[in-house]
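Have a look at target_1.txt below; it lists compact mmCIF, C-alpha atoms.
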```
# COMPACT_ATOMS: atom_id res chain seq x y z
CA MET A 1 -12.50 29.15 94.23
CA THR A 2 -15.21 26.52 93.64
CA ASP A 3 -17.07 24.60 96.34
CA VAL A 4 -17.25 20.81 96.13
CA LEU A 5 -20.76 19.98 97.33
CA PHE A 6 -22.19 16.94 99.07
CA PRO A 7 -24.57 15.58 96.39
CA PRO A 8 -28.32 15.32 97.12
CA LEU A 9 -29.01 11.62 97.74
CA SER A 10 -32.23 11.60 99.76
CA THR A 11 -35.12 13.44 98.10
CA GLN A 12 -37.43 12.49 100.97
CA ARG A 13 -35.13 14.02 103.57
CA PRO A 14 -33.23 16.82 101.81
CA ASP A 15 -31.78 18.05 105.11
CA ALA A 16 -30.44 14.61 106.09
CA GLU A 17 -26.80 14.37 107.06
CA GLY A 18 -24.42 12.05 105.28
CA VAL A 19 -20.87 10.82 105.72
CA VAL A 20 -17.79 11.45 103.61
CA THR A 21 -16.63 7.83 103.43
CA ARG A 22 -13.51 8.20 101.30
CA TRP A 23 -11.24 10.87 99.89
CA PHE A 24 -9.45 9.63 96.78
CA VAL A 25 -7.35 12.80 96.68
CA ALA A 26 -5.42 14.25 99.61
CA ASP A 27 -5.70 17.81 100.83
CA GLY A 28 -3.45 20.03 98.72
CA GLU A 29 -3.32 17.76 95.68
CA THR A 30 -4.07 19.12 92.23
CA VAL A 31 -7.23 17.85 90.54
CA SER A 32 -8.74 18.25 87.11
CA ALA A 33 -12.40 19.00 86.37
CA GLY A 34 -14.48 15.81 86.38
CA GLN A 35 -11.90 13.81 88.36
CA LEU A 36 -13.26 11.45 91.00
CA VAL A 37 -12.31 12.94 94.35
CA ALA A 38 -14.56 11.40 97.02
CA GLU A 39 -17.26 8.94 97.90
CA VAL A 40 -20.13 9.87 100.20
CA GLN A 41 -23.00 8.01 101.79
CA VAL A 42 -26.49 8.78 103.13
CA ASP A 43 -28.02 5.83 104.96
CA LYS A 44 -26.90 2.95 102.72
CA VAL A 45 -26.83 4.86 99.45
CA ASP A 46 -23.43 5.96 98.27
CA ALA A 47 -22.37 8.29 95.50
CA GLU A 48 -19.26 9.56 93.79
CA VAL A 49 -18.17 13.16 93.99
CA VAL A 50 -16.18 14.65 91.12
CA ALA A 51 -14.21 17.87 91.04
CA PRO A 52 -16.39 20.67 89.61
CA ALA A 53 -13.27 22.52 88.43
CA GLY A 54 -9.54 22.10 88.15
CA GLY A 55 -7.13 23.34 90.78
CA VAL A 56 -5.81 22.56 94.24
CA LEU A 57 -8.23 20.60 96.43
CA ARG A 58 -8.75 21.77 100.00
CA VAL A 59 -10.61 19.25 102.17
CA LEU A 60 -13.20 20.81 104.47
CA VAL A 61 -14.83 17.62 105.81
CA PRO A 62 -12.42 14.79 106.66
CA GLU A 63 -12.99 11.07 106.04
CA ASP A 64 -15.81 9.74 108.25
CA GLY A 65 -16.92 13.33 108.88
CA THR A 66 -20.59 14.26 108.48
CA ALA A 67 -22.14 16.95 106.29
CA ARG A 68 -25.58 18.00 105.16
CA GLN A 69 -26.54 17.32 101.56
CA GLY A 70 -25.67 20.36 99.48
CA ALA A 71 -23.01 21.52 101.95
CA ALA A 72 -19.42 22.16 100.85
CA ILE A 73 -17.13 19.26 101.70
CA ALA A 74 -14.09 20.75 99.97
CA ARG A 75 -13.11 23.64 97.75
CA VAL A 76 -10.97 23.83 94.67
CA ASP A 77 -8.62 26.80 94.47
CA GLU A 78 -7.59 27.86 91.00
CA VAL A 79 -3.89 27.75 90.46
CA MET B 1 9.99 -18.76 88.34
CA THR B 2 6.99 -16.69 87.40
CA THR B 3 6.50 -14.81 90.64
CA THR B 4 6.20 -11.06 90.44
CA GLN B 5 8.51 -9.74 93.11
CA GLU B 6 7.11 -6.24 93.40
CA PRO B 7 5.01 -5.54 96.51
CA LEU B 8 1.66 -4.90 94.96
CA SER B 9 -0.55 -2.83 97.18
CA THR B 10 2.19 -0.40 98.14
CA ALA B 11 3.96 0.03 94.81
CA PRO B 12 3.49 3.41 93.11
CA HIS B 13 1.54 2.07 90.14
CA GLY B 14 -0.01 5.41 89.23
CA THR B 15 -1.56 8.52 90.63
CA HIS B 16 -5.11 7.40 90.08
CA ARG B 17 -6.58 6.28 93.41
CA LEU B 18 -9.45 3.80 93.26
CA THR B 19 -11.31 1.27 95.35
CA THR B 20 -11.20 -2.30 94.07
CA ALA B 21 -14.84 -2.00 92.92
CA LYS B 22 -14.08 1.10 90.84
CA ALA B 23 -10.97 -0.59 89.43
CA VAL B 24 -13.09 -3.53 88.22
CA ALA B 25 -15.65 -1.19 86.59
CA GLU B 26 -12.86 0.84 84.99
CA ALA B 27 -11.26 -2.29 83.52
CA ILE B 28 -14.57 -3.37 81.97
CA ALA B 29 -15.17 0.15 80.60
CA LEU B 30 -11.72 0.27 78.98
CA GLU B 31 -12.25 -3.12 77.33
CA MET B 32 -15.75 -2.10 76.15
CA ARG B 33 -14.34 1.07 74.58
CA ALA B 34 -11.62 -0.91 72.79
CA ASP B 35 -13.69 -3.89 71.67
CA PRO B 36 -17.35 -3.62 70.54
CA SER B 37 -17.86 -7.36 71.14
CA VAL B 38 -17.59 -6.89 74.94
CA LEU B 39 -20.92 -6.63 76.76
CA CYS B 40 -22.21 -7.05 80.33
CA LEU B 41 -25.24 -8.81 81.68
CA GLY B 42 -26.63 -9.82 85.04
CA GLU B 43 -28.97 -8.87 87.85
CA ASP B 44 -28.88 -5.20 88.87
CA ILE B 45 -25.69 -4.51 86.90
CA GLY B 46 -27.21 -1.62 84.93
CA ALA B 47 -29.08 1.15 86.72
CA TYR B 48 -27.90 -0.06 90.13
CA GLY B 49 -24.30 -0.51 88.98
CA GLY B 50 -23.92 -3.98 90.46
CA ILE B 51 -24.76 -4.57 94.10
CA PHE B 52 -21.04 -4.56 94.91
CA GLY B 53 -20.21 -1.73 92.52
CA ALA B 54 -18.40 -3.79 89.87
CA THR B 55 -20.33 -2.23 86.97
CA THR B 56 -20.96 1.31 88.23
CA GLY B 57 -21.30 3.84 85.41
CA LEU B 58 -21.28 1.33 82.54
CA LEU B 59 -24.97 1.74 81.62
CA ASP B 60 -24.56 5.52 81.34
CA GLU B 61 -21.61 5.19 78.98
CA PHE B 62 -22.57 2.17 76.89
CA GLY B 63 -26.38 2.01 77.03
CA PRO B 64 -28.84 -0.85 77.50
CA GLN B 65 -27.78 -2.74 74.35
CA ARG B 66 -24.39 -3.54 75.87
CA VAL B 67 -25.18 -3.37 79.61
CA ILE B 68 -28.17 -5.61 80.12
CA ASP B 69 -30.16 -5.96 83.35
CA THR B 70 -31.58 -9.46 83.41
CA PRO B 71 -34.47 -11.09 85.24
CA ILE B 72 -33.69 -13.28 88.26
CA SER B 73 -33.04 -16.42 86.26
CA GLU B 74 -29.38 -17.35 86.46
CA THR B 75 -29.71 -20.40 84.22
CA ALA B 76 -31.28 -18.26 81.49
CA PHE B 77 -28.86 -15.34 81.50
CA ILE B 78 -25.71 -17.41 81.99
CA GLY B 79 -26.91 -19.57 79.11
CA LEU B 80 -27.47 -16.36 77.12
CA GLY B 81 -23.89 -15.34 77.86
CA ILE B 82 -22.53 -18.71 76.75
CA GLY B 83 -24.48 -18.50 73.51
CA ALA B 84 -23.20 -14.99 72.88
CA ALA B 85 -19.63 -16.11 73.58
CA VAL B 86 -19.90 -19.09 71.24
CA GLU B 87 -21.08 -16.67 68.53
CA GLY B 88 -18.05 -14.44 69.00
CA MET B 89 -19.05 -11.90 71.63
CA ARG B 90 -17.07 -11.39 74.85
CA PRO B 91 -19.72 -11.26 77.57
CA VAL B 92 -19.02 -10.38 81.20
CA VAL B 93 -21.81 -12.11 83.11
CA GLU B 94 -22.37 -11.40 86.80
CA LEU B 95 -23.70 -14.09 89.10
CA MET B 96 -24.66 -11.88 92.03
CA PHE B 97 -23.39 -14.25 94.74
CA ALA B 98 -21.29 -17.38 94.15
CA ASP B 99 -23.65 -19.04 96.62
CA PHE B 100 -26.30 -18.98 93.88
CA MET B 101 -24.27 -21.34 91.67
CA GLY B 102 -26.60 -24.11 92.76
CA VAL B 103 -29.40 -22.96 90.48
CA CYS B 104 -27.24 -22.55 87.36
CA LEU B 105 -24.31 -24.95 87.72
CA ASP B 106 -25.32 -27.02 84.70
CA GLN B 107 -24.78 -24.01 82.43
CA ILE B 108 -21.46 -23.27 84.09
CA TYR B 109 -19.70 -26.61 84.35
CA ASN B 110 -21.48 -28.69 81.69
CA HIS B 111 -21.64 -26.00 79.00
CA MET B 112 -19.43 -22.96 79.58
CA ALA B 113 -16.53 -25.14 80.76
CA LYS B 114 -16.90 -28.06 78.36
CA ILE B 115 -17.96 -26.70 74.95
CA HIS B 116 -14.36 -26.07 73.91
CA TYR B 117 -13.42 -29.69 74.69
CA GLU B 118 -16.62 -31.22 73.30
CA SER B 119 -16.10 -29.41 70.01
CA GLY B 120 -12.60 -30.82 69.66
CA GLY B 121 -11.21 -27.34 70.25
CA ASN B 122 -13.17 -25.86 67.34
CA VAL B 123 -15.43 -23.61 69.44
CA THR B 124 -14.17 -21.15 72.02
CA VAL B 125 -16.16 -19.60 74.88
CA PRO B 126 -14.52 -16.23 75.62
CA MET B 127 -16.73 -15.44 78.58
CA VAL B 128 -16.09 -13.95 82.03
CA LEU B 129 -18.32 -15.10 84.87
CA THR B 130 -17.96 -12.57 87.69
CA THR B 131 -19.28 -13.36 91.12
CA ALA B 132 -19.15 -12.01 94.68
CA VAL B 133 -17.78 -14.23 97.42
CA GLY B 134 -16.86 -14.23 101.08
CA GLY B 135 -18.18 -13.49 104.52
CA GLY B 136 -17.42 -11.33 107.51
CA TYR B 137 -20.51 -9.11 107.56
CA SER B 138 -23.23 -11.40 108.95
CA ASP B 139 -24.82 -12.36 105.64
CA ALA B 140 -25.24 -15.96 106.80
CA ALA B 141 -24.86 -19.38 105.23
CA GLN B 142 -26.28 -18.67 101.76
CA HIS B 143 -24.46 -15.38 101.05
CA SER B 144 -21.02 -15.78 102.65
CA GLN B 145 -19.25 -18.62 100.90
CA CYS B 146 -16.12 -18.43 98.76
CA LEU B 147 -16.65 -21.72 96.87
CA TRP B 148 -13.65 -21.10 94.60
CA GLY B 149 -12.39 -24.56 95.38
CA THR B 150 -15.55 -25.96 93.78
CA PHE B 151 -15.11 -23.95 90.57
CA ALA B 152 -11.38 -24.76 90.50
CA HIS B 153 -12.08 -28.48 90.96
CA LEU B 154 -14.26 -28.64 87.86
CA PRO B 155 -12.06 -28.68 84.74
CA GLY B 156 -12.32 -26.18 81.91
CA MET B 157 -12.46 -22.84 83.70
CA LYS B 158 -9.72 -20.46 84.76
CA VAL B 159 -10.42 -19.09 88.25
CA VAL B 160 -9.05 -15.80 89.60
CA ALA B 161 -9.61 -13.90 92.87
CA PRO B 162 -7.85 -10.52 93.21
CA SER B 163 -7.00 -8.95 96.57
CA ASN B 164 -6.39 -5.30 95.60
CA PRO B 165 -7.35 -2.63 93.05
CA TYR B 166 -4.26 -3.05 90.85
CA ASP B 167 -4.70 -6.79 90.42
CA ALA B 168 -8.47 -6.46 90.10
CA LYS B 169 -8.15 -4.12 87.12
CA GLY B 170 -5.35 -6.07 85.43
CA LEU B 171 -6.93 -9.47 85.96
CA MET B 172 -10.26 -8.24 84.57
CA ALA B 173 -8.54 -7.07 81.39
CA SER B 174 -6.82 -10.46 81.09
CA ALA B 175 -10.08 -12.31 81.77
CA ILE B 176 -12.01 -10.40 79.08
CA ARG B 177 -9.25 -10.90 76.50
CA ASP B 178 -8.88 -14.61 77.31
CA ASP B 179 -10.36 -16.91 74.67
CA GLY B 180 -11.62 -19.38 77.28
CA PRO B 181 -14.06 -19.05 80.19
CA VAL B 182 -12.71 -17.25 83.26
CA VAL B 183 -14.47 -17.23 86.63
CA TYR B 184 -13.63 -13.90 88.27
CA MET B 185 -14.38 -14.03 92.00
CA PHE B 186 -14.32 -10.79 93.95
CA HIS B 187 -14.51 -10.91 97.73
CA LYS B 188 -16.99 -8.33 99.03
CA GLY B 189 -14.46 -7.38 101.72
CA VAL B 190 -11.80 -6.25 99.21
CA MET B 191 -14.08 -4.00 97.14
CA GLY B 192 -13.78 -0.89 99.34
CA LEU B 193 -17.53 -0.45 99.66
CA ALA B 194 -18.73 2.47 101.79
CA TRP B 195 -21.25 0.34 103.69
CA MET B 196 -18.77 -2.39 104.62
CA ALA B 197 -16.17 -2.30 107.39
CA ARG B 198 -13.48 0.21 106.49
CA ASN B 199 -10.54 -1.46 104.73
CA ASP B 200 -7.65 0.71 103.58
CA ARG B 201 -6.10 -2.22 101.70
CA ALA B 202 -9.09 -1.95 99.34
CA VAL B 203 -7.90 1.42 97.98
CA ALA B 204 -4.74 1.94 95.95
CA ASP B 205 -3.18 3.83 93.08
CA VAL B 206 -3.60 2.21 89.68
CA PRO B 207 -2.58 3.32 86.17
CA GLU B 208 -5.28 5.21 84.27
CA GLY B 209 -4.97 3.22 81.06
CA ALA B 210 -5.49 -0.45 80.31
CA TYR B 211 -2.94 -3.03 81.43
CA THR B 212 -3.03 -6.73 82.22
CA VAL B 213 -2.06 -8.90 85.17
CA PRO B 214 -1.36 -12.40 83.84
CA ILE B 215 -3.75 -15.16 84.92
CA GLY B 216 -1.85 -17.92 86.70
CA GLU B 217 0.90 -15.80 88.25
CA ALA B 218 1.15 -15.42 92.01
CA ALA B 219 2.74 -12.34 93.58
CA VAL B 220 4.84 -11.94 96.68
CA ALA B 221 2.77 -9.37 98.57
CA ARG B 222 5.41 -9.10 101.29
CA GLU B 223 8.86 -10.61 101.40
CA GLY B 224 9.99 -12.56 104.45
CA SER B 225 12.34 -15.32 105.50
CA ASP B 226 10.93 -17.22 108.52
CA VAL B 227 7.51 -18.50 107.46
CA SER B 228 5.43 -18.44 104.26
CA VAL B 229 1.74 -17.60 104.34
CA VAL B 230 0.21 -18.72 101.04
CA THR B 231 -3.26 -17.36 100.50
CA ILE B 232 -5.64 -15.49 98.20
CA SER B 233 -8.17 -12.66 98.11
CA LYS B 234 -9.37 -11.10 101.40
CA SER B 235 -7.14 -13.40 103.46
CA VAL B 236 -4.12 -11.65 101.90
CA HIS B 237 -5.16 -8.54 103.85
CA HIS B 238 -5.30 -10.51 107.12
CA ALA B 239 -1.94 -12.14 106.35
CA LEU B 240 -0.34 -8.74 105.71
CA ASP B 241 -1.77 -7.44 108.99
CA VAL B 242 -0.32 -10.46 110.80
CA ALA B 243 3.03 -10.01 109.06
CA GLU B 244 3.17 -6.40 110.32
CA ARG B 245 2.22 -7.51 113.83
CA MET B 246 4.81 -10.31 113.94
CA ALA B 247 7.56 -8.12 112.48
CA ALA B 248 7.40 -6.22 115.77
CA ASP B 249 8.41 -9.49 117.48
CA GLY B 250 11.26 -10.02 115.04
CA VAL B 251 9.46 -12.67 112.96
CA SER B 252 9.76 -12.26 109.19
CA VAL B 253 6.60 -13.44 107.41
CA GLU B 254 6.45 -13.86 103.64
CA VAL B 255 2.98 -13.47 102.12
CA LEU B 256 2.27 -15.07 98.75
CA ASP B 257 -0.89 -13.84 97.03
CA LEU B 258 -1.87 -16.63 94.64
CA ARG B 259 -4.23 -14.30 92.67
CA SER B 260 -5.35 -17.27 90.53
CA LEU B 261 -6.47 -20.74 91.55
CA VAL B 262 -6.54 -22.04 87.98
CA PRO B 263 -3.90 -22.16 86.71
CA LEU B 264 -2.21 -22.44 90.11
CA ASP B 265 1.29 -20.92 90.26
CA ARG B 266 2.93 -24.01 91.74
CA THR B 267 6.40 -22.66 90.93
CA ALA B 268 5.80 -19.70 93.24
CA ILE B 269 4.50 -21.96 96.03
CA LEU B 270 7.59 -24.16 95.77
CA ALA B 271 9.86 -21.10 95.68
CA THR B 272 8.50 -19.59 98.89
CA VAL B 273 8.52 -22.91 100.78
CA ALA B 274 12.06 -23.61 99.56
CA LYS B 275 13.00 -20.21 100.99
CA THR B 276 11.39 -20.47 104.46
CA GLY B 277 10.74 -24.21 104.99
CA ARG B 278 7.59 -23.34 106.92
CA LEU B 279 4.13 -23.10 105.37
CA VAL B 280 0.80 -21.76 106.56
CA VAL B 281 -2.02 -21.92 104.01
CA VAL B 282 -4.93 -19.57 104.62
CA ASP B 283 -8.16 -20.19 102.71
CA GLU B 284 -11.59 -18.68 103.37
CA ASP B 285 -13.19 -21.68 101.66
CA TYR B 286 -14.07 -24.95 103.37
CA GLN B 287 -10.97 -26.81 104.51
CA SER B 288 -11.57 -30.32 103.21
CA PHE B 289 -11.10 -31.19 99.51
CA GLY B 290 -10.03 -27.67 98.57
CA LEU B 291 -7.31 -25.10 97.88
CA SER B 292 -5.46 -25.57 101.18
CA GLY B 293 -4.86 -29.28 100.57
CA GLU B 294 -3.88 -28.56 96.96
CA VAL B 295 -1.20 -26.09 98.05
CA VAL B 296 0.28 -28.57 100.53
CA ALA B 297 0.21 -31.36 97.93
CA THR B 298 2.00 -29.05 95.48
CA VAL B 299 4.99 -29.26 97.81
CA THR B 300 4.76 -32.90 98.87
CA ASP B 301 4.34 -34.02 95.22
CA VAL B 302 7.73 -32.51 94.42
CA ASP B 303 9.82 -32.63 97.60
CA PRO B 304 8.38 -33.16 101.09
CA GLY B 305 11.91 -32.49 102.35
CA LEU B 306 11.35 -28.77 101.74
CA PHE B 307 9.28 -28.70 104.94
CA HIS B 308 11.18 -28.01 108.16
CA ALA B 309 7.88 -28.36 110.03
CA ALA B 310 4.49 -29.84 109.20
CA PRO B 311 2.41 -27.29 107.26
CA VAL B 312 -0.65 -25.80 108.92
CA ARG B 313 -3.95 -25.00 107.23
CA VAL B 314 -6.17 -22.14 108.39
CA ALA B 315 -9.51 -22.41 106.62
CA ASN B 316 -13.24 -22.41 107.23
CA PRO B 317 -14.09 -25.57 109.16
CA ASP B 318 -16.43 -27.88 107.27
CA THR B 319 -19.57 -26.16 108.43
CA PRO B 320 -21.86 -23.51 106.92
CA VAL B 321 -20.94 -19.89 107.74
CA PRO B 322 -22.98 -18.77 110.79
CA TYR B 323 -25.11 -15.62 110.86
CA SER B 324 -24.18 -14.85 114.48
CA ARG B 325 -21.32 -12.34 114.42
CA PRO B 326 -19.18 -13.95 117.16
CA LEU B 327 -19.70 -17.43 115.70
CA GLU B 328 -18.86 -16.19 112.19
CA GLN B 329 -15.62 -14.65 113.44
CA VAL B 330 -14.66 -18.04 114.91
CA VAL B 331 -15.31 -19.82 111.61
CA LEU B 332 -13.49 -17.35 109.32
CA PRO B 333 -9.68 -17.54 109.04
CA GLY B 334 -8.99 -14.22 110.77
CA PRO B 335 -5.71 -12.64 111.92
CA ASP B 336 -5.60 -14.34 115.34
CA ARG B 337 -5.89 -17.83 113.84
CA ILE B 338 -3.29 -16.97 111.19
CA GLU B 339 -0.84 -15.67 113.79
CA ALA B 340 -1.35 -18.74 115.99
CA ALA B 341 -0.67 -20.98 112.97
CA CYS B 342 2.52 -19.08 112.15
CA ARG B 343 3.73 -19.47 115.74
CA ARG B 344 2.92 -23.18 115.59
CA VAL B 345 5.03 -23.89 112.50
CA LEU B 346 7.81 -21.71 113.90
CA ALA B 347 7.85 -23.60 117.23
CA VAL B 348 9.11 -26.83 115.64
```
Mind turning this structure into C-alpha cells?
Amino acid sequence: MTDVLFPPLSTQRPDAEGVVTRWFVADGETVSAGQLVAEVQVDKVDAEVVAPAGGVLRVLVPEDGTARQGAAIARVDEV
Amino acid sequence: MTTTQEPLSTAPHGTHRLTTAKAVAEAIALEMRADPSVLCLGEDIGAYGGIFGATTGLLDEFGPQRVIDTPISETAFIGLGIGAAVEGMRPVVELMFADFMGVCLDQIYNHMAKIHYESGGNVTVPMVLTTAVGGGYSDAAQHSQCLWGTFAHLPGMKVVAPSNPYDAKGLMASAIRDDGPVVYMFHKGVMGLAWMARNDRAVADVPEGAYTVPIGEAAVAREGSDVSVVTISKSVHHALDVAERMAADGVSVEVLDLRSLVPLDRTAILATVAKTGRLVVVDEDYQSFGLSGEVVATVTDVDPGLFHAAPVRVANPDTPVPYSRPLEQVVLPGPDRIEAACRRVLAV
C-alpha cells in the first residue's frame, strides 16, 4: 500500500490547506506508476498528482475536498 | 457530407482522462517527439506552462532550445515564428489573449497569412498561432473577446476552435502538420482549469497516442430532429445543456459543433437545417459582420426554402464585454438566451 500525497505547493505556508480539484481516475480503477491521477490547488496555484506506484487507486479525499499539503489524498493498493 | 456523426464528448475514445488544457499540451508533446522541427514560443509558455495550461510540462521534456519564453513583444516573437516557419520549422506560437492581436496584427494578417500567396505559392508558412479567447469570468473588455470572426474574415489563415479534449488534441495535431498557417483558438472556459468555474464537459477520455481531427469538419455533438443549434467552442457546452433541458419537455435539439471557422463545413450546416428546418446560431463573438451571419447566409445562398421559420442569432451584442458579473452574463450567449431562441423558432 502506497499513499498518494498532496504535493507541497506553498513553501511560505507549509501547513496551508488545499483542494483536490479533479480526479482523473475513479476510486477502484487500476493505475500505473507515474500516471496522472489528480489535480490539486492551493490558493491559485495548481499542480498535477501522479501515482507513486501501480495498483488499485482508493480515493481518500473526494473532488472539491480539502487536505493539508503532505497529507494522503488516496492510496494505491498493490494487486 | 463530411459530418462526423459520433457524439464526441461522450464517446469512449480511450481510457486516458484529460482536461482540454492537458490534451492540448499532450498533442504538442507528441508532435515535438515525432518531428524535431516543431518548437514552441510565447509569453510564459515555458516555466509557467502557459497561463491557461496549454504548454504544461513541455519545457521539462524538450528544454529551452525548443520551448522558448519570449519577452512581452508580440510583434517580435510572432515575426520570429513566421521567419522560422518560412525556413522550414513548425513553430507553435502562443498569443496569450486574442485581445492582444491589436499590437501584432500586421505580422499575422499581412505576413503570416499572405506570404504563401505573395510568393506565388513557392513559400509555405507551417505555423500554428494559438490564442486564448472568451469571457465569463469577469476579465473585462480587453481579456474576454473571442474575435474569431475577425481572423476568419481575413484570408489566408485556417481558424479552429475546439470545444472538448478529444477535438483539442486532434485539431492541434492537424494544425501542426498543416503546411499553412492555422489560428488555434482555445476558449478559457473549455480548458478545465482548476481556478475557473467547474466544467465537467472540459474533461474527457482521449486516446494516448497521436491522432488527428480534420480541420474543416463539423461534428454533430448531439442528434435531434426539431431544431438545429449551430455553434462552436464554449457555446457548444451551453447548447448541450439546453438540449438536455429541452429534452425533458419533449423537444429534440440537434447541436452542430463547427470546430473550424475556416474552412467552414457548409455541407454540415446545410445537412442539419435540411433535417430540422429551424436554425439557431450561437456565437460568443460580436453579432454583426461575423460567424452568425455567415452561417445563415450559407443556407440562404443555397436554398432559403430550407427554413420553416426565420433563423435566430444568439451572439454578443455589438458592445464591449462588461467587467460587472451580472452585466457580462447578459451580454454572453448563455443557456437561457439559447433556450429562448429555440422556443422562438419552434413557435412559428
Please report, as JSON lines, each residue of chain A lying at most 12 Å from chain B, together with the nearest pair of atoms and the separation in Å rounded to one decimal; use all atoms listed in the file, and order rows by chain and ascending residue number.
```
{"residue": "A:Gly18", "atom": "CA", "partner": "B:Ala194", "partner_atom": "CA", "distance": 11.7}
{"residue": "A:Val19", "atom": "CA", "partner": "B:Ala194", "partner_atom": "CA", "distance": 9.5}
{"residue": "A:Val20", "atom": "CA", "partner": "B:Ala194", "partner_atom": "CA", "distance": 9.2}
{"residue": "A:Thr21", "atom": "CA", "partner": "B:Ala194", "partner_atom": "CA", "distance": 6.0}
{"residue": "A:Arg22", "atom": "CA", "partner": "B:Ala194", "partner_atom": "CA", "distance": 7.8}
{"residue": "A:Trp23", "atom": "CA", "partner": "B:Arg17", "partner_atom": "CA", "distance": 9.2}
{"residue": "A:Phe24", "atom": "CA", "partner": "B:Arg17", "partner_atom": "CA", "distance": 5.6}
{"residue": "A:Val25", "atom": "CA", "partner": "B:Arg17", "partner_atom": "CA", "distance": 7.3}
{"residue": "A:Ala26", "atom": "CA", "partner": "B:Arg17", "partner_atom": "CA", "distance": 10.2}
{"residue": "A:Glu29", "atom": "CA", "partner": "B:Thr15", "partner_atom": "CA", "distance": 10.7}
{"residue": "A:Thr30", "atom": "CA", "partner": "B:Thr15", "partner_atom": "CA", "distance": 11.0}
{"residue": "A:Val31", "atom": "CA", "partner": "B:His16", "partner_atom": "CA", "distance": 10.7}
{"residue": "A:Ser32", "atom": "CA", "partner": "B:His16", "partner_atom": "CA", "distance": 11.8}
{"residue": "A:Gln35", "atom": "CA", "partner": "B:His16", "partner_atom": "CA", "distance": 9.5}
{"residue": "A:Leu36", "atom": "CA", "partner": "B:Arg17", "partner_atom": "CA", "distance": 8.8}
{"residue": "A:Val37", "atom": "CA", "partner": "B:Arg17", "partner_atom": "CA", "distance": 8.8}
{"residue": "A:Ala38", "atom": "CA", "partner": "B:Leu18", "partner_atom": "CA", "distance": 9.9}
{"residue": "A:Glu39", "atom": "CA", "partner": "B:Ala194", "partner_atom": "CA", "distance": 7.7}
{"residue": "A:Val40", "atom": "CA", "partner": "B:Ala194", "partner_atom": "CA", "distance": 7.7}
{"residue": "A:Gln41", "atom": "CA", "partner": "B:Ala194", "partner_atom": "CA", "distance": 7.0}
{"residue": "A:Val42", "atom": "CA", "partner": "B:Trp195", "partner_atom": "CA", "distance": 10.0}
{"residue": "A:Asp43", "atom": "CA", "partner": "B:Trp195", "partner_atom": "CA", "distance": 8.8}
{"residue": "A:Lys44", "atom": "CA", "partner": "B:Trp195", "partner_atom": "CA", "distance": 6.3}
{"residue": "A:Val45", "atom": "CA", "partner": "B:Trp195", "partner_atom": "CA", "distance": 8.3}
{"residue": "A:Asp46", "atom": "CA", "partner": "B:Ala194", "partner_atom": "CA", "distance": 6.8}
{"residue": "A:Ala47", "atom": "CA", "partner": "B:Ala194", "partner_atom": "CA", "distance": 9.3}
{"residue": "A:Glu48", "atom": "CA", "partner": "B:Thr56", "partner_atom": "CA", "distance": 10.1}
{"residue": "A:Glu63", "atom": "CA", "partner": "B:Arg198", "partner_atom": "CA", "distance": 10.9}
{"residue": "A:Asp64", "atom": "CA", "partner": "B:Arg198", "partner_atom": "CA", "distance": 10.0}
```
ask   = Do you know which residues are at most 12 Å from Val56 of chain A counting only C-alpha atoms, after dropping those on the same chain fewer than 2 positions away, and could you put them as a list of chain:residue names?
value =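 Non-adjacent residues within range: A:Met1, A:Thr2, A:Asp3, A:Val4, A:Val25, A:Ala26, A:Asp27, A:Gly28, A:Glu29, A:Thr30, A:Val31, A:Ser32, A:Ala33, A:Val37, A:Ala51, A:Pro52, A:Ala53, A:Gly54, A:Arg58, A:Val59, A:Ala74, A:Arg75, A:Val76, A:Asp77, A:Glu78, A:Val79.
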Which residues come within 10 Å of Ala268 of chain B, counting all atoms listed in the file, excluding same-chain residues fewer than 2 positions away, as a PDB file with C-alpha atoms, in the coordinates of the input?
```pdb
ATOM      1  CA  MET B   1       9.990 -18.760  88.340  1.00  0.00           C
ATOM      2  CA  THR B   2       6.990 -16.690  87.400  1.00  0.00           C
ATOM      3  CA  THR B   3       6.500 -14.810  90.640  1.00  0.00           C
ATOM      4  CA  THR B   4       6.200 -11.060  90.440  1.00  0.00           C
ATOM      5  CA  GLU B 217       0.900 -15.800  88.250  1.00  0.00           C
ATOM      6  CA  ALA B 218       1.150 -15.420  92.010  1.00  0.00           C
ATOM      7  CA  ALA B 219       2.740 -12.340  93.580  1.00  0.00           C
ATOM      8  CA  VAL B 220       4.840 -11.940  96.680  1.00  0.00           C
ATOM      9  CA  VAL B 230       0.210 -18.720 101.040  1.00  0.00           C
ATOM     10  CA  LEU B 256       2.270 -15.070  98.750  1.00  0.00           C
ATOM     11  CA  ASP B 257      -0.890 -13.840  97.030  1.00  0.00           C
ATOM     12  CA  LEU B 258      -1.870 -16.630  94.640  1.00  0.00           C
ATOM     13  CA  LEU B 264      -2.210 -22.440  90.110  1.00  0.00           C
ATOM     14  CA  ASP B 265       1.290 -20.920  90.260  1.00  0.00           C
ATOM     15  CA  ARG B 266       2.930 -24.010  91.740  1.00  0.00           C
ATOM     16  CA  LEU B 270       7.590 -24.160  95.770  1.00  0.00           C
ATOM     17  CA  ALA B 271       9.860 -21.100  95.680  1.00  0.00           C
ATOM     18  CA  THR B 272       8.500 -19.590  98.890  1.00  0.00           C
ATOM     19  CA  VAL B 273       8.520 -22.910 100.780  1.00  0.00           C
ATOM     20  CA  ALA B 274      12.060 -23.610  99.560  1.00  0.00           C
TER      21      ALA B 274
END
```
ask   = Within 9 Å of segment 58-72 of chain B, counting all atoms listed in the file, which residues qualify if same-chain residues fewer than 5 places away don't, as a list in words?
value = Ala25, Glu26, Ile28, Ala29, Met32, Arg33, Pro36, Ser37, Val38, Leu39, Cys40, Leu41, Gly42, Glu43, Asp44, Ile45, Gly46, Ala47, Gly49 and Phe77 of chain B
inquiry  = I'd like the neighbourhood of Phe6 of chain A as number ranges by chain, where a residue qualifies if any of its atoms comes within 7 Å (using only C-alpha atoms), though same-chain residues fewer than 2 positions away should be ignored.
reply    = A: 4, 8, 69-73
Saved selection, atoms kept: C-alpha atoms, as a tab-separated table (two decimals), in the frame of the given file:
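This went into selection05.tsv:
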```
chain	number	residue	atom	x	y	z
A	4	VAL	CA	-17.25	20.81	96.13
A	8	PRO	CA	-28.32	15.32	97.12
A	69	GLN	CA	-26.54	17.32	101.56
A	70	GLY	CA	-25.67	20.36	99.48
A	71	ALA	CA	-23.01	21.52	101.95
A	72	ALA	CA	-19.42	22.16	100.85
A	73	ILE	CA	-17.13	19.26	101.70
```
